$ cat coords.cif   # mmCIF, N, CA and C atoms
data_coords
#
loop_
_atom_site.label_atom_id
_atom_site.label_comp_id
_atom_site.auth_asym_id
_atom_site.auth_seq_id
_atom_site.Cartn_x
_atom_site.Cartn_y
_atom_site.Cartn_z
N MET A 1 11.15 -14.42 -9.38
CA MET A 1 9.70 -14.26 -9.43
C MET A 1 9.17 -13.52 -8.20
N SER A 2 9.88 -13.58 -7.09
CA SER A 2 9.44 -12.86 -5.90
C SER A 2 9.41 -11.36 -6.15
N LEU A 3 10.40 -10.86 -6.87
CA LEU A 3 10.43 -9.44 -7.19
C LEU A 3 9.26 -9.06 -8.10
N VAL A 4 8.97 -9.90 -9.08
CA VAL A 4 7.84 -9.65 -9.98
C VAL A 4 6.54 -9.64 -9.18
N GLU A 5 6.40 -10.59 -8.27
CA GLU A 5 5.21 -10.64 -7.41
C GLU A 5 5.09 -9.38 -6.57
N ALA A 6 6.18 -8.94 -5.97
CA ALA A 6 6.17 -7.75 -5.13
C ALA A 6 5.79 -6.51 -5.94
N ILE A 7 6.35 -6.38 -7.13
CA ILE A 7 6.03 -5.23 -7.99
C ILE A 7 4.56 -5.27 -8.40
N ALA A 8 4.07 -6.44 -8.77
CA ALA A 8 2.67 -6.58 -9.15
C ALA A 8 1.75 -6.23 -7.97
N ASN A 9 2.11 -6.67 -6.79
CA ASN A 9 1.33 -6.38 -5.59
C ASN A 9 1.25 -4.88 -5.35
N VAL A 10 2.36 -4.19 -5.46
CA VAL A 10 2.40 -2.74 -5.26
C VAL A 10 1.59 -2.03 -6.35
N ALA A 11 1.75 -2.44 -7.59
CA ALA A 11 1.03 -1.81 -8.70
C ALA A 11 -0.48 -1.99 -8.55
N VAL A 12 -0.90 -3.19 -8.23
CA VAL A 12 -2.33 -3.46 -8.05
C VAL A 12 -2.86 -2.68 -6.84
N GLY A 13 -2.11 -2.64 -5.75
CA GLY A 13 -2.52 -1.88 -4.57
C GLY A 13 -2.67 -0.40 -4.88
N TYR A 14 -1.76 0.14 -5.65
CA TYR A 14 -1.83 1.55 -6.05
C TYR A 14 -3.09 1.80 -6.87
N GLY A 15 -3.33 0.94 -7.83
CA GLY A 15 -4.53 1.08 -8.66
C GLY A 15 -5.81 0.98 -7.85
N VAL A 16 -5.87 0.02 -6.94
CA VAL A 16 -7.05 -0.14 -6.09
C VAL A 16 -7.25 1.10 -5.22
N ALA A 17 -6.18 1.65 -4.67
CA ALA A 17 -6.28 2.85 -3.83
C ALA A 17 -6.84 4.02 -4.63
N VAL A 18 -6.33 4.25 -5.82
CA VAL A 18 -6.77 5.38 -6.63
C VAL A 18 -8.23 5.21 -7.04
N VAL A 19 -8.59 4.04 -7.52
CA VAL A 19 -9.98 3.80 -7.93
C VAL A 19 -10.93 3.94 -6.74
N THR A 20 -10.54 3.41 -5.60
CA THR A 20 -11.37 3.51 -4.39
C THR A 20 -11.58 4.97 -4.01
N GLN A 21 -10.51 5.76 -4.05
CA GLN A 21 -10.62 7.19 -3.74
C GLN A 21 -11.58 7.88 -4.70
N ILE A 22 -11.44 7.61 -5.98
CA ILE A 22 -12.30 8.24 -6.99
C ILE A 22 -13.77 7.90 -6.74
N LEU A 23 -14.04 6.67 -6.32
CA LEU A 23 -15.42 6.24 -6.09
C LEU A 23 -15.98 6.67 -4.74
N ILE A 24 -15.14 6.66 -3.70
CA ILE A 24 -15.63 6.88 -2.34
C ILE A 24 -15.58 8.34 -1.90
N PHE A 25 -14.57 9.08 -2.27
CA PHE A 25 -14.45 10.46 -1.81
C PHE A 25 -15.71 11.29 -2.07
N PRO A 26 -16.30 11.23 -3.26
CA PRO A 26 -17.51 12.04 -3.50
C PRO A 26 -18.67 11.68 -2.55
N VAL A 27 -18.73 10.44 -2.12
CA VAL A 27 -19.78 10.01 -1.19
C VAL A 27 -19.68 10.82 0.11
N PHE A 28 -18.48 11.21 0.48
CA PHE A 28 -18.23 11.97 1.71
C PHE A 28 -18.07 13.47 1.43
N GLY A 29 -18.43 13.88 0.23
CA GLY A 29 -18.37 15.29 -0.12
C GLY A 29 -16.97 15.81 -0.42
N LEU A 30 -16.04 14.89 -0.66
CA LEU A 30 -14.67 15.29 -1.00
C LEU A 30 -14.49 15.23 -2.51
N HIS A 31 -14.07 16.32 -3.08
CA HIS A 31 -13.90 16.38 -4.53
C HIS A 31 -12.43 16.69 -4.84
N THR A 32 -11.79 15.74 -5.49
CA THR A 32 -10.37 15.87 -5.80
C THR A 32 -10.16 15.66 -7.30
N THR A 33 -9.05 16.17 -7.77
CA THR A 33 -8.69 15.97 -9.17
C THR A 33 -8.02 14.62 -9.33
N LEU A 34 -7.89 14.18 -10.56
CA LEU A 34 -7.19 12.92 -10.82
C LEU A 34 -5.75 13.01 -10.33
N ALA A 35 -5.10 14.15 -10.56
CA ALA A 35 -3.71 14.32 -10.11
C ALA A 35 -3.62 14.19 -8.59
N GLN A 36 -4.56 14.77 -7.87
CA GLN A 36 -4.55 14.66 -6.41
C GLN A 36 -4.76 13.21 -5.98
N ASN A 37 -5.67 12.51 -6.65
CA ASN A 37 -5.90 11.10 -6.32
C ASN A 37 -4.65 10.26 -6.59
N LEU A 38 -3.95 10.55 -7.68
CA LEU A 38 -2.73 9.80 -7.99
C LEU A 38 -1.66 10.05 -6.94
N LYS A 39 -1.54 11.31 -6.50
CA LYS A 39 -0.54 11.63 -5.46
C LYS A 39 -0.89 10.98 -4.14
N MET A 40 -2.16 11.05 -3.74
CA MET A 40 -2.58 10.41 -2.48
C MET A 40 -2.39 8.90 -2.55
N GLY A 41 -2.70 8.31 -3.70
CA GLY A 41 -2.49 6.88 -3.88
C GLY A 41 -1.03 6.52 -3.71
N ALA A 42 -0.14 7.37 -4.21
CA ALA A 42 1.30 7.13 -4.06
C ALA A 42 1.71 7.19 -2.60
N VAL A 43 1.18 8.17 -1.87
CA VAL A 43 1.49 8.27 -0.42
C VAL A 43 1.01 7.02 0.31
N PHE A 44 -0.24 6.61 0.04
CA PHE A 44 -0.77 5.41 0.70
C PHE A 44 0.05 4.18 0.34
N THR A 45 0.54 4.11 -0.88
CA THR A 45 1.34 2.98 -1.32
C THR A 45 2.67 2.94 -0.57
N VAL A 46 3.33 4.07 -0.43
CA VAL A 46 4.61 4.13 0.30
C VAL A 46 4.39 3.73 1.76
N VAL A 47 3.32 4.23 2.37
CA VAL A 47 3.02 3.87 3.76
C VAL A 47 2.75 2.37 3.87
N SER A 48 2.03 1.82 2.93
CA SER A 48 1.74 0.39 2.94
C SER A 48 3.01 -0.46 2.80
N ILE A 49 3.91 -0.04 1.93
CA ILE A 49 5.18 -0.76 1.78
C ILE A 49 5.98 -0.71 3.07
N ALA A 50 6.05 0.46 3.69
CA ALA A 50 6.79 0.61 4.95
C ALA A 50 6.17 -0.26 6.04
N ARG A 51 4.84 -0.27 6.12
CA ARG A 51 4.15 -1.10 7.11
C ARG A 51 4.44 -2.58 6.88
N SER A 52 4.34 -3.02 5.64
CA SER A 52 4.59 -4.42 5.32
C SER A 52 6.03 -4.81 5.66
N PHE A 53 6.97 -3.94 5.33
CA PHE A 53 8.38 -4.21 5.62
C PHE A 53 8.60 -4.31 7.13
N ALA A 54 8.06 -3.36 7.90
CA ALA A 54 8.25 -3.36 9.35
C ALA A 54 7.65 -4.62 9.98
N LEU A 55 6.46 -5.00 9.54
CA LEU A 55 5.84 -6.20 10.09
C LEU A 55 6.62 -7.46 9.71
N ARG A 56 7.12 -7.50 8.48
CA ARG A 56 7.90 -8.66 8.06
C ARG A 56 9.16 -8.81 8.90
N ARG A 57 9.85 -7.67 9.15
CA ARG A 57 11.06 -7.69 9.97
C ARG A 57 10.73 -8.09 11.41
N LEU A 58 9.61 -7.57 11.96
CA LEU A 58 9.20 -7.92 13.32
C LEU A 58 8.94 -9.41 13.44
N PHE A 59 8.17 -9.98 12.53
CA PHE A 59 7.86 -11.40 12.60
C PHE A 59 9.09 -12.26 12.33
N GLU A 60 9.99 -11.80 11.48
CA GLU A 60 11.24 -12.52 11.26
C GLU A 60 12.08 -12.53 12.53
N ALA A 61 12.12 -11.42 13.24
CA ALA A 61 12.87 -11.34 14.50
C ALA A 61 12.24 -12.28 15.54
N ILE A 62 10.93 -12.32 15.60
CA ILE A 62 10.24 -13.23 16.54
C ILE A 62 10.55 -14.67 16.18
N ARG A 63 10.51 -14.99 14.88
CA ARG A 63 10.81 -16.35 14.44
C ARG A 63 12.25 -16.73 14.76
N ALA A 64 13.17 -15.81 14.53
CA ALA A 64 14.58 -16.08 14.79
C ALA A 64 14.83 -16.31 16.28
N ARG A 65 14.16 -15.54 17.14
CA ARG A 65 14.31 -15.74 18.59
C ARG A 65 13.78 -17.10 19.02
N GLY A 66 12.68 -17.52 18.40
CA GLY A 66 12.08 -18.81 18.74
C GLY A 66 12.90 -19.98 18.25
N ALA A 67 13.74 -19.77 17.26
CA ALA A 67 14.55 -20.86 16.68
C ALA A 67 15.80 -21.14 17.51
N ARG A 68 16.12 -20.25 18.44
CA ARG A 68 17.34 -20.47 19.23
C ARG A 68 17.16 -21.49 20.29
#

$ encode --input "coords.cif" --output "structure tokens"
Amino acid sequence: MSLVEAIANVAVGYGVAVVTQILIFPVFGLHTTLAQNLKMGAVFTVVSIARSFALRRLFEAIRARGAR
């Protein structure tokens, strides 16, 4: 179930990123196509996964040091 949760989290995050871009970019005068929004959402999703992984490993290392 952890894998299902992780996949759902990534899918929902991707959707939220794309919808947010579609709604917010025009407010700032940025006009993009749906394809561009989908690509940018994918980039943001990959960055978010990398950030989450790095932080998880950092905190796991801190926890492991404290357990000794």

$ atom_distance --input "coords.cif" --atom1 "CA of Leu23 in chain A" --atom2 "CA of Glu5 in chain A"
26.7 Å

$ atom_distance --input "coords.cif" --atom1 "CA of Ala50 in chain A" --atom2 "CA of Asn9 in chain A"
13.8 Å

$ closest_residue --input "coords.cif" --among "A:Leu3, A:Val18, A:Ile24, A:Ala11" --to "Leu38 in chain A" --atoms "all atoms listed in the file"
A:Val18

$ resolve_selection --input "coords.cif" --expression "the PyMOL selection byres ((chain A and resi 15-17) around 8)" --output "MDAnalysis selection string"
chainID A and resid 9:14 18:23 37:38 40:42 44:45

$ atom_distance --input "coords.cif" --atom1 "CA of Val43 in chain A" --atom2 "CA of Arg57 in chain A"
21.3 Å

$ axis_aligned_box --input "coords.cif" --around "range 24-35 of chain A" --padding-each-side "8 Å" --output "JSON"
{"center_x": -11.7, "center_y": 11.7, "center_z": -4.6, "size_x": 32.2, "size_y": 26.0, "size_z": 28.5}

$ select_by_dssp --input "coords.cif" --residues "chain A" --states "alpha helix (DSSP H)" --output "PyMOL selection string"
chain A and resi 2-24+34-67
